[in-house]
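Novice: Enclosed is the structure file target.txt (compact mmCIF, C-alpha atoms).
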# COMPACT_ATOMS: atom_id res chain seq x y z
CA MET A 1 109.91 109.90 124.80
CA GLY A 2 107.27 108.54 122.47
CA GLY A 3 104.73 109.18 125.18
CA ARG A 4 101.38 110.66 124.25
CA ARG A 5 101.37 114.35 125.01
CA THR A 6 98.52 115.97 126.84
CA VAL A 7 95.84 117.43 124.66
CA ILE A 8 95.13 121.10 125.35
CA VAL A 9 91.39 121.70 125.27
CA VAL A 10 90.09 125.10 124.21
CA ASP A 11 86.47 125.70 125.11
CA ALA A 12 84.86 128.01 122.54
CA ARG A 13 81.31 126.74 122.92
CA GLY A 14 78.70 129.44 122.42
CA LEU A 15 81.12 131.79 120.66
CA ARG A 16 80.51 133.03 117.13
CA CYS A 17 83.01 133.24 114.28
CA PRO A 18 85.85 134.16 114.32
CA ALA A 19 86.16 133.83 118.14
CA PRO A 20 86.75 130.01 118.21
CA VAL A 21 89.67 130.32 115.79
CA ILE A 22 91.10 133.25 117.75
CA ARG A 23 90.94 131.31 121.04
CA LEU A 24 92.58 128.33 119.38
CA ALA A 25 95.31 130.53 117.88
CA ARG A 26 96.03 132.12 121.29
CA ALA A 27 96.33 128.69 122.92
CA ALA A 28 98.51 127.44 120.07
CA LYS A 29 100.82 130.43 120.40
CA ASP A 30 101.37 129.78 124.11
CA ALA A 31 101.91 126.04 123.70
CA PRO A 32 105.21 124.42 122.60
CA VAL A 33 105.60 123.44 118.96
CA GLY A 34 104.20 119.98 118.34
CA SER A 35 101.36 120.40 120.82
CA THR A 36 97.99 118.85 120.19
CA LEU A 37 95.01 121.13 120.73
CA THR A 38 91.30 120.42 120.58
CA VAL A 39 88.86 123.29 120.24
CA LEU A 40 85.24 122.73 121.23
CA ALA A 41 82.82 124.91 119.28
CA THR A 42 79.10 125.18 118.62
CA ASP A 43 79.47 127.66 115.76
CA PRO A 44 79.20 125.69 112.47
CA ALA A 45 81.70 128.04 110.79
CA ALA A 46 84.44 126.63 113.04
CA VAL A 47 84.21 123.29 111.22
CA HIS A 48 85.49 125.03 108.08
CA ASP A 49 87.60 127.76 109.60
CA VAL A 50 89.78 125.64 111.89
CA PRO A 51 91.09 123.49 109.00
CA ALA A 52 91.56 126.66 106.88
CA TRP A 53 93.48 128.29 109.74
CA ALA A 54 95.63 125.17 110.13
CA ARG A 55 96.41 125.23 106.39
CA MET A 56 97.35 128.93 106.48
CA ARG A 57 99.55 128.40 109.58
CA GLY A 58 101.13 125.15 108.42
CA HIS A 59 99.62 123.12 111.28
CA VAL A 60 98.23 119.61 110.86
CA MET A 61 94.52 118.92 111.12
CA LEU A 62 94.12 115.65 113.00
CA GLU A 63 90.43 115.10 113.62
CA SER A 64 86.98 116.65 113.35
CA THR A 65 84.04 115.15 115.22
CA GLU A 66 80.60 116.29 116.32
CA SER A 67 78.42 115.24 119.21
CA ASP A 68 75.20 116.88 120.42
CA GLY A 69 75.90 120.03 118.40
CA VAL A 70 79.41 120.43 119.79
CA HIS A 71 82.24 120.19 117.28
CA ALA A 72 85.61 118.94 118.47
CA LEU A 73 88.43 119.94 116.11
CA THR A 74 91.94 118.73 116.83
CA VAL A 75 95.18 120.10 115.39
CA ARG A 76 98.90 119.53 115.97
CA THR A 77 101.08 122.60 115.74
CA GLN A 78 104.17 122.76 113.55
CA ALA A 79 107.11 125.12 113.67
CA MET B 1 70.47 149.67 86.32
CA LEU B 2 72.08 150.84 83.05
CA ALA B 3 70.86 154.21 81.74
CA GLU B 4 69.65 152.65 78.48
CA ALA B 5 67.67 150.05 80.41
CA ARG B 6 66.12 152.70 82.59
CA ALA B 7 65.04 154.69 79.49
CA ALA B 8 63.50 151.55 77.96
CA PHE B 9 61.70 150.85 81.23
CA VAL B 10 60.19 154.35 81.37
CA GLU B 11 59.14 154.24 77.73
CA ALA B 12 57.53 150.84 78.16
CA LEU B 13 55.47 152.20 81.05
CA ASP B 14 53.64 154.24 78.39
CA GLN B 15 53.63 151.64 75.63
CA GLY B 16 53.42 148.37 77.50
CA TRP B 17 51.39 149.04 80.61
CA ALA B 18 48.57 146.66 79.64
CA ASP B 19 48.21 142.96 80.48
CA PRO B 20 49.86 141.10 77.57
CA ARG B 21 47.36 138.29 77.99
CA ARG B 22 44.44 140.54 76.94
CA VAL B 23 43.40 140.74 73.30
CA HIS B 24 42.53 144.45 73.17
CA ALA B 25 44.86 146.77 71.28
CA GLU B 26 46.83 147.81 74.38
CA GLY B 27 47.19 144.21 75.46
CA ARG B 28 48.43 143.19 72.02
CA ARG B 29 50.94 146.04 72.10
CA ALA B 30 52.23 144.87 75.48
CA ARG B 31 52.47 141.35 74.08
CA MET B 32 54.49 142.60 71.12
CA LEU B 33 56.92 144.36 73.44
CA LEU B 34 57.27 141.28 75.59
CA ASP B 35 57.87 139.04 72.59
CA GLY B 36 60.33 141.58 71.22
CA ALA B 37 62.26 141.36 74.48
CA ARG B 38 62.30 137.55 74.25
CA GLU B 39 63.46 137.71 70.64
CA ALA B 40 66.31 140.10 71.47
CA ILE B 41 67.46 137.84 74.30
CA ALA B 42 67.13 134.74 72.10
CA THR B 43 69.42 136.30 69.48
CA ILE B 44 72.07 137.08 72.09
CA VAL B 45 72.13 133.63 73.71
CA GLY B 46 71.77 131.75 70.42
CA ALA B 47 68.29 130.31 70.84
CA ARG B 48 64.83 130.52 69.30
CA THR B 49 62.36 133.07 70.65
CA GLU B 50 59.94 130.33 71.69
CA ASP B 51 62.67 128.76 73.85
CA VAL B 52 62.98 131.91 75.98
CA ASP B 53 60.88 132.24 79.12
CA LEU B 54 61.04 135.15 81.53
CA ALA B 55 60.66 134.58 85.24
CA PRO B 56 59.89 136.93 88.14
CA SER B 57 63.37 136.30 89.59
CA HIS B 58 66.56 134.34 89.00
CA THR B 59 65.59 132.11 91.91
CA ALA B 60 62.20 131.40 90.32
CA ALA B 61 63.93 130.58 87.01
CA LEU B 62 66.23 128.04 88.70
CA HIS B 63 63.44 126.51 90.78
CA GLY B 64 61.26 126.24 87.68
CA ALA B 65 64.03 124.65 85.64
CA VAL B 66 64.90 121.95 88.17
CA ARG B 67 61.30 121.18 89.11
CA SER B 68 59.87 121.04 85.57
CA VAL B 69 62.68 118.98 84.06
CA LEU B 70 62.60 116.53 86.97
CA ARG B 71 58.86 116.16 86.55
CA GLY B 72 59.19 115.78 82.78
CA ARG B 73 61.83 113.08 83.17
CA ARG B 74 60.40 111.28 86.18
CA ARG B 75 60.37 107.95 84.36
CA THR B 76 64.15 108.14 84.04
CA GLY B 77 64.69 108.73 87.75
CA ALA B 78 64.89 111.45 90.36
CA ASP B 79 68.65 111.88 90.79
CA VAL B 80 70.08 115.36 90.20
CA VAL B 81 73.84 115.74 89.88
CA VAL B 82 75.00 119.19 91.00
CA GLY B 83 78.24 120.94 91.84
CA ALA B 84 78.81 121.72 95.52
CA VAL B 85 79.04 125.48 94.88
CA GLU B 86 75.82 125.90 92.89
CA ARG B 87 73.48 128.67 93.97
CA ALA B 88 71.25 127.77 96.92
CA ALA B 89 68.19 127.90 94.62
CA VAL B 90 69.57 124.95 92.62
CA LEU B 91 70.59 122.93 95.68
CA ASN B 92 67.27 123.54 97.43
CA ALA B 93 65.17 122.76 94.34
CA ALA B 94 67.11 119.51 93.83
CA ASP B 95 66.44 118.53 97.46
CA PHE B 96 62.80 119.52 97.16
CA SER B 97 61.98 117.63 93.96
CA GLY B 98 64.61 114.90 93.64
CA ASN B 99 67.64 113.20 95.14
CA ARG B 100 70.63 115.49 95.14
CA ILE B 101 74.03 114.03 94.29
CA THR B 102 76.64 116.67 95.09
CA VAL B 103 80.02 116.66 93.38
CA PRO B 104 82.81 118.33 95.41
CA VAL B 105 85.04 121.17 94.24
CA ASP B 106 88.79 121.74 94.39
CA PRO B 107 90.34 124.56 96.47
CA THR B 108 89.70 127.07 93.61
CA GLY B 109 85.99 126.23 93.62
CA ARG B 110 86.07 124.26 90.36
CA VAL B 111 83.99 121.11 90.35
CA GLU B 112 85.89 117.80 90.26
CA VAL B 113 85.20 117.16 86.61
CA ALA B 114 86.01 113.42 86.48
CA GLU B 115 83.65 112.81 89.38
CA PHE B 116 80.92 114.88 87.75
CA VAL B 117 81.29 113.01 84.46
CA GLU B 118 81.14 109.67 86.23
CA ALA B 119 78.09 110.73 88.24
CA VAL B 120 75.96 111.76 85.24
CA ARG B 121 76.54 108.40 83.58
CA ARG B 122 74.90 106.44 86.38
CA PRO B 123 71.39 105.09 85.90
CA GLY B 124 68.56 107.05 87.50
CA VAL B 125 70.04 110.48 86.78
CA ALA B 126 67.33 112.77 85.39
CA LEU B 127 69.15 116.09 85.47
CA ALA B 128 72.55 117.71 85.91
CA ALA B 129 73.18 121.29 86.98
CA LEU B 130 76.46 123.15 86.73
CA GLN B 131 76.95 126.90 86.84
CA HIS B 132 78.90 128.66 84.11
CA ALA B 133 80.87 130.57 86.73
CA ASN B 134 80.66 130.91 90.47
CA GLY B 135 79.35 134.33 91.40
CA GLU B 136 80.87 134.32 94.86
CA VAL B 137 84.48 133.57 93.93
CA GLY B 138 84.48 134.02 90.13
CA THR B 139 85.84 130.60 89.13
CA LEU B 140 84.69 129.32 85.71
CA GLN B 141 83.37 125.76 85.62
CA PRO B 142 84.27 123.03 83.09
CA VAL B 143 80.86 123.19 81.41
CA ASP B 144 82.03 121.95 77.99
CA VAL B 145 83.35 118.64 79.27
CA VAL B 146 80.38 118.15 81.57
CA HIS B 147 77.89 119.00 78.83
CA ASP B 148 79.52 116.48 76.45
CA ALA B 149 79.26 113.79 79.10
CA ALA B 150 75.69 114.68 79.98
CA ARG B 151 74.66 114.69 76.34
CA ALA B 152 76.26 111.29 75.78
CA ALA B 153 74.29 110.00 78.76
CA GLY B 154 71.05 111.62 77.54
CA VAL B 155 70.88 113.83 80.64
CA PRO B 156 69.94 117.51 80.18
CA LEU B 157 72.30 120.07 81.72
CA VAL B 158 70.97 123.18 83.46
CA MET B 159 73.65 125.84 83.29
CA ASP B 160 73.24 128.72 85.72
CA ALA B 161 74.79 131.74 84.03
CA GLY B 162 73.41 134.12 86.63
CA ALA B 163 76.84 135.51 87.46
CA SER B 164 78.32 135.52 83.95
CA LEU B 165 75.69 136.38 81.32
CA GLY B 166 76.38 139.95 80.21
CA HIS B 167 79.95 139.82 81.54
CA VAL B 168 81.56 137.02 79.49
CA PRO B 169 80.35 134.90 76.55
CA VAL B 170 78.45 131.96 78.02
CA GLY B 171 78.87 129.57 75.08
CA ASP B 172 76.44 126.82 74.13
CA ALA B 173 77.33 123.98 76.50
CA TRP B 174 73.85 123.83 77.97
CA ASP B 175 70.38 122.44 77.45
CA VAL B 176 68.71 124.82 79.87
CA LEU B 177 70.23 128.24 80.56
CA ALA B 178 69.35 130.50 83.47
CA GLY B 179 70.29 134.16 83.82
CA ASP B 180 69.71 137.14 86.10
CA ALA B 181 68.78 140.53 84.63
CA GLY B 182 69.76 142.29 87.86
CA ASP B 183 73.32 141.03 87.42
CA TRP B 184 73.76 142.16 83.80
CA GLY B 185 72.60 145.70 84.46
CA GLY B 186 68.86 145.24 83.98
CA PRO B 187 66.12 145.67 86.56
CA SER B 188 65.70 143.31 89.47
CA GLY B 189 62.64 141.13 89.21
CA ILE B 190 63.47 139.46 85.89
CA GLY B 191 65.03 136.03 85.61
CA LEU B 192 65.78 134.24 82.36
CA LEU B 193 65.25 130.62 81.44
CA VAL B 194 66.10 129.30 77.98
CA THR B 195 65.18 125.69 77.22
CA ARG B 196 66.43 123.90 74.10
CA SER B 197 63.77 122.08 72.14
CA GLY B 198 63.89 118.41 72.97
CA VAL B 199 64.29 118.89 76.72
CA ARG B 200 61.28 117.20 78.24
CA ARG B 201 59.70 119.27 80.99
CA SER B 202 56.37 119.45 82.71
CA PRO B 203 55.07 121.86 85.36
CA ASP B 204 54.65 120.41 88.86
CA TRP B 205 52.51 123.43 89.78
CA PRO B 206 48.99 124.58 88.82
CA ASP B 207 48.16 125.26 85.19
CA ASP B 208 48.32 128.86 84.02
CA GLU B 209 48.27 130.83 80.76
CA ASP B 210 51.91 131.59 81.50
CA ARG B 211 52.73 127.95 81.82
CA TRP B 212 56.33 128.07 83.01
CA PHE B 213 56.10 131.10 85.27
CA PRO B 214 52.49 131.53 86.35
CA GLY B 215 51.31 135.12 86.35
CA GLY B 216 53.97 136.25 83.91
CA VAL B 217 56.35 139.16 84.35
CA SER B 218 56.28 142.95 84.17
CA VAL B 219 56.49 144.02 80.51
CA PRO B 220 58.52 147.21 81.18
CA ALA B 221 60.97 145.19 83.28
CA ALA B 222 61.27 142.56 80.53
CA LEU B 223 61.99 145.21 77.92
CA ALA B 224 64.54 146.93 80.15
CA ALA B 225 66.20 143.55 80.81
CA ALA B 226 66.54 142.87 77.07
CA VAL B 227 67.95 146.33 76.36
CA ALA B 228 70.40 146.01 79.25
CA LEU B 229 71.63 142.66 77.94
CA GLN B 230 72.16 144.13 74.45
CA VAL B 231 74.19 146.96 75.95
CA ALA B 232 76.15 144.63 78.22
CA VAL B 233 77.22 142.20 75.50
CA GLY B 234 78.01 145.10 73.15
CA ALA B 235 80.31 146.85 75.64
CA ARG B 236 83.14 144.49 76.28
CA ASP B 237 85.59 146.20 78.59
CA ASP B 238 86.42 142.84 80.14
CA ARG B 239 90.14 143.45 79.77
CA THR B 240 90.09 146.55 81.90
CA ARG B 241 88.17 144.88 84.70
CA ARG B 242 90.22 141.70 84.39
CA GLU B 243 93.46 143.64 84.77
CA LEU B 244 92.07 145.57 87.72
CA VAL B 245 91.18 142.33 89.49
CA ASP B 246 94.64 140.88 88.72
CA HIS B 247 96.13 144.02 90.25
CA MET B 248 93.87 143.75 93.31
CA ARG B 249 94.64 140.07 93.85
CA ALA B 250 98.39 140.73 93.78
CA ARG B 251 98.32 143.79 96.01
CA ILE B 252 95.95 142.32 98.61
CA ALA B 253 98.00 139.12 98.89
CA ALA B 254 101.19 141.18 99.26
CA GLN B 255 99.97 143.93 101.57
CA VAL B 256 97.39 142.37 103.88
CA PRO B 257 98.92 139.83 106.30
CA ASP B 258 97.13 136.49 106.79
CA VAL B 259 94.77 136.83 103.88
CA ASP B 260 93.28 134.07 101.72
CA VAL B 261 92.60 135.41 98.19
CA VAL B 262 90.19 132.80 96.85
CA GLY B 263 88.99 131.55 93.47
CA ASP B 264 90.91 130.69 90.31
CA PRO B 265 93.40 133.48 89.51
CA VAL B 266 93.11 132.97 85.72
CA ASP B 267 90.00 131.07 84.63
CA ARG B 268 87.53 133.37 86.29
CA LEU B 269 84.95 136.09 85.80
CA PRO B 270 86.58 139.42 84.90
CA HIS B 271 84.99 141.47 87.65
CA VAL B 272 84.76 139.41 90.85
CA LEU B 273 87.34 139.38 93.64
CA THR B 274 86.97 137.54 96.94
CA PHE B 275 89.29 137.27 99.91
CA SER B 276 89.12 136.27 103.57
CA CYS B 277 91.08 137.85 106.42
CA LEU B 278 92.14 135.64 109.29
CA TYR B 279 90.84 136.57 112.79
CA VAL B 280 88.53 139.25 111.42
CA GLU B 281 84.78 139.41 111.83
CA GLY B 282 83.19 139.95 108.42
CA GLU B 283 80.59 142.34 109.77
CA ALA B 284 83.19 144.58 111.43
CA LEU B 285 85.21 144.68 108.23
CA LEU B 286 82.14 145.45 106.10
CA GLY B 287 81.19 148.26 108.48
CA ALA B 288 84.70 149.76 108.45
CA LEU B 289 84.83 149.65 104.64
CA ASP B 290 81.30 151.04 104.33
CA ALA B 291 82.28 153.95 106.58
CA ARG B 292 84.98 154.80 104.04
CA GLY B 293 82.56 154.63 101.14
CA PHE B 294 83.23 151.11 99.84
CA ALA B 295 80.14 149.00 99.16
CA VAL B 296 81.27 145.39 99.22
CA GLY B 297 79.67 142.03 100.07
CA SER B 298 80.54 139.14 102.36
CA GLY B 299 79.96 135.39 102.58
CA SER B 300 80.71 135.24 106.29
CA ALA B 301 78.01 133.85 108.57
CA CYS B 302 78.15 136.82 110.93
CA THR B 303 77.04 139.09 108.08
CA SER B 304 73.90 137.13 107.23
CA SER B 305 70.77 136.18 109.10
CA ALA B 306 71.73 132.52 108.63
CA LEU B 307 73.98 130.85 111.16
CA GLU B 308 75.74 128.91 108.42
CA PRO B 309 78.66 130.46 106.56
CA SER B 310 78.82 130.54 102.75
CA HIS B 311 78.50 126.97 101.43
CA VAL B 312 80.77 128.01 98.57
CA LEU B 313 83.70 129.03 100.79
CA ALA B 314 83.09 125.99 102.99
CA ALA B 315 83.13 123.56 100.03
CA MET B 316 86.41 125.09 98.83
CA GLY B 317 88.07 124.75 102.22
CA ALA B 318 88.54 128.54 102.29
CA LEU B 319 88.38 130.65 105.40
CA THR B 320 84.71 131.61 105.85
CA HIS B 321 85.17 134.42 108.35
CA GLY B 322 86.48 137.89 107.50
CA ASN B 323 85.24 137.43 103.96
CA ILE B 324 84.88 140.26 101.47
CA ARG B 325 83.52 140.02 97.93
CA VAL B 326 84.08 142.88 95.52
CA ALA B 327 82.24 143.07 92.18
CA LEU B 328 83.55 145.76 89.84
CA PRO B 329 80.86 147.39 87.70
CA ARG B 330 81.72 148.31 84.12
CA GLY B 331 83.50 151.64 84.01
CA THR B 332 85.12 151.24 87.44
CA ARG B 333 87.94 153.77 87.64
CA PRO B 334 91.44 152.50 88.44
CA ALA B 335 91.80 155.45 90.86
CA ASP B 336 88.88 154.13 92.95
CA VAL B 337 90.40 150.65 93.01
CA ASP B 338 93.72 152.11 94.12
CA ARG B 339 92.06 154.09 96.89
CA PHE B 340 90.47 150.84 98.12
CA LEU B 341 93.83 149.06 97.96
CA ASP B 342 95.59 151.92 99.74
CA GLU B 343 93.13 151.89 102.62
CA LEU B 344 92.45 148.17 102.99
CA PRO B 345 95.61 147.16 104.92
CA SER B 346 95.01 149.78 107.62
CA VAL B 347 91.29 148.97 107.80
CA VAL B 348 92.07 145.28 108.40
CA ALA B 349 94.82 146.18 110.89
CA THR B 350 92.46 148.46 112.81
CA VAL B 351 89.79 145.78 113.08
CA ARG B 352 92.43 143.28 114.24
CA GLU B 353 93.78 145.73 116.80
CA ALA B 354 90.30 146.18 118.25
CA TRP B 355 90.09 142.41 118.75
CA GLY B 356 93.63 142.18 120.11
CA VAL B 357 94.63 139.62 117.50
CA GLY B 358 97.42 141.59 115.83
CA ALA B 359 100.25 139.29 116.88
CA LEU B 360 98.57 135.88 116.61
Would you mind giving the structure from this file in structure tokens?
Specialist:
Amino acid sequence: MGGRRTVIVVDARGLRCPAPVIRLARAAKDAPVGSTLTVLATDPAAVHDVPAWARMRGHVMLESTESDGVHALTVRTQA
Amino acid sequence: MLAEARAAFVEALDQGWADPRRVHAEGRRARMLLDGAREAIATIVGARTEDVDLAPSHTAALHGAVRSVLRGRRRTGADVVVGAVERAAVLNAADFSGNRITVPVDPTGRVEVAEFVEAVRRPGVALAALQHANGEVGTLQPVDVVHDAARAAGVPLVMDAGASLGHVPVGDAWDVLAGDAGDWGGPSGIGLLVTRSGVRRSPDWPDDEDRWFPGGVSVPAALAAAVALQVAVGARDDRTRRELVDHMRARIAAQVPDVDVVGDPVDRLPHVLTFSCLYVEGEALLGALDARGFAVGSGSACTSSALEPSHVLAAMGALTHGNIRVALPRGTRPADVDRFLDELPSVVATVREAWGVGAL
């Protein structure tokens, strides 16, 4: 209890919209509620669409970073 | 183009074919037609004829406005305060000629008015630009409050009415007004720029007889633009279109799962509706709708040559993929709208099925 859960990483590099969000949604569906997922994406639309998806699904957006053209967007799923 | 505008265009091909800069009889006649067009537009927007300039495009009008006012006010500074969802022409011109200060918008696409007001008061601000309404999502902007603040600070406000002029009254909360003839039912290839006297501006381009838009514009197109604007402001069926969009917003939100209907539901243009469908590629949706005879637009990146999605949807925090924008022309029949609404849920479902995302 209280331990840091493993982060599920979804690699969507090189995929165009809306594929990164779809991959993330598939991973989120298979993972238990309360999971933390990070999607890696090179498509700039993902930066906007992952937070919008999280809002529509009631998930929590935790972090959004970028390094060498790869965006890392992290969410925690809610019931 | 409106039928009346087309008739004016054809007639002006006979009467106004000459170069209005020439002094021969034909040239003077073309000049009279051109000035008549400017006068008609001036009356409609509440300005003097000499304040009205016609540009070869809406983009050229916006570029010219930002560049010339910045040059004219260069002793004040180079800062330009803009809303985040302004047209690309405004954002790019501000970057090109000055320092852009971008004020964010709320989830409906309306600029954060307190931030805008605070920004125009700062020293070094030469110009402010705020659209009357956003053409992509329809939301009206708080131009009255912003214009009061800009005036108090001595900063001229460029108001882009490209999406609203000819559809709704645009008011007088502006120092420089831009409009788009193609949007109000006139020909493409005519932009409008109206500049109140007292706004200091100076070209930052080579001198020309047509000082503000070098080379001038097509006289038949100018005449057709003026006629179209007269017809558009005279025929106010805004209520019909407004009610149709209300109806569409409600039915789409209720009948299409996982949809984001964007823009302000009330304070908006009467004829624009925009929504985004989760897990759907905009291009596939456009194609499926086109195949059923619906000509709609999209702000999704996959539907444009640019890699970037719509900066408007992005600034609002709206879903940028699966985006559809519908603009209802005047005289749109409710039966056509209903056919679109009847077919849309199955079109979206079919596209989702093809991607295997139905149950996500």
Novice: I'd like the interatomic distance between atom CA of B:Gly72 and atom CA of B:Arg200, to a tenth of an Å.
Specialist: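 One can read the atom CA of B:Gly72 to atom CA of B:Arg200 distance as 5.2 Å.
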Novice: Set the cut-off to 9 Å and count only C-alpha atoms: what are the residues of chain B that reach chain A? Output as a list in words.
Specialist: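 Interface list for chain B against chain A: Asp258, Val259, Asp260, Leu278, Tyr279, Val280, Glu281, Gly282, Ser300, Ala301, Cys302, Leu307, Glu308, Pro309, Ser310, Leu313, Ala314, Ala315, Gly317, Ala318, Leu319, Thr320, His321, Gly322, Val357 and Leu360 of chain B.
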Novice: Would you compute the distance between atom CA of B:His63 and atom CA of B:Ala93? Give it in Å to one decimal.
Specialist: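 Spanning atom CA of B:His63 to atom CA of B:Ala93 is a straight-line distance of 5.5 Å.
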Novice: Rounded to one decimal in Å, what is the spacing between atom CA of B:Ala88 and atom CA of B:Val199?
Specialist: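 Computing the Euclidean distance for atom CA of B:Ala88 and atom CA of B:Val199 yields 23.1 Å.
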Novice: Could you name the residues that touch B:Arg75 at 10 Å or less, counting only C-alpha atoms, but leaving out those on the same chain fewer than 4 positions away, as a PyMOL selection string?
Specialist: chain B and resi 70-71+124+126
Novice: List as a ChimeraX atom specification the residues having at least one atom at most 9 Å from position (81.8, 121.3, 124.1) as given in the file, counting all atoms listed in the file.
Specialist: /A:11-14,39-42,67-72
Novice: Considering all atoms listed in the file, can you say which of A:Val60, A:Val10, A:Ala54, A:Leu15 comes closest to A:Leu37?
Specialist: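 Result for the nearest residue to A:Leu37: A:Val10.
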Novice: Which residue is closest to B:Val170? Choose from B:Gly46, B:Val272, B:Arg74, B:Asp79 and count all atoms listed in the file.
Specialist: B:Gly46
Novice: Do a neighbour search on A:Thr38 at 8 Å with only C-alpha atoms, toss out local chain neighbours closer than 2 positions, and write the hits as a CSV table (one decimal) with C-alpha atoms, in the coordinates of the input.
Specialist:
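Contents of the output file result.csv:
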chain,number,residue,atom,x,y,z
A,7,VAL,CA,95.8,117.4,124.7
A,8,ILE,CA,95.1,121.1,125.4
A,9,VAL,CA,91.4,121.7,125.3
A,10,VAL,CA,90.1,125.1,124.2
A,36,THR,CA,98.0,118.8,120.2
A,40,LEU,CA,85.2,122.7,121.2
A,72,ALA,CA,85.6,118.9,118.5
A,73,LEU,CA,88.4,119.9,116.1
A,74,THR,CA,91.9,118.7,116.8
A,75,VAL,CA,95.2,120.1,115.4
Novice: Neighbours of B:Glu243 within 12 Å (only C-alpha atoms; same-chain residues fewer than 5 positions away dropped), as a PyMOL selection string?
Specialist: chain B and resi 237-238+248-250+265-266+268-273+328+332-334+337
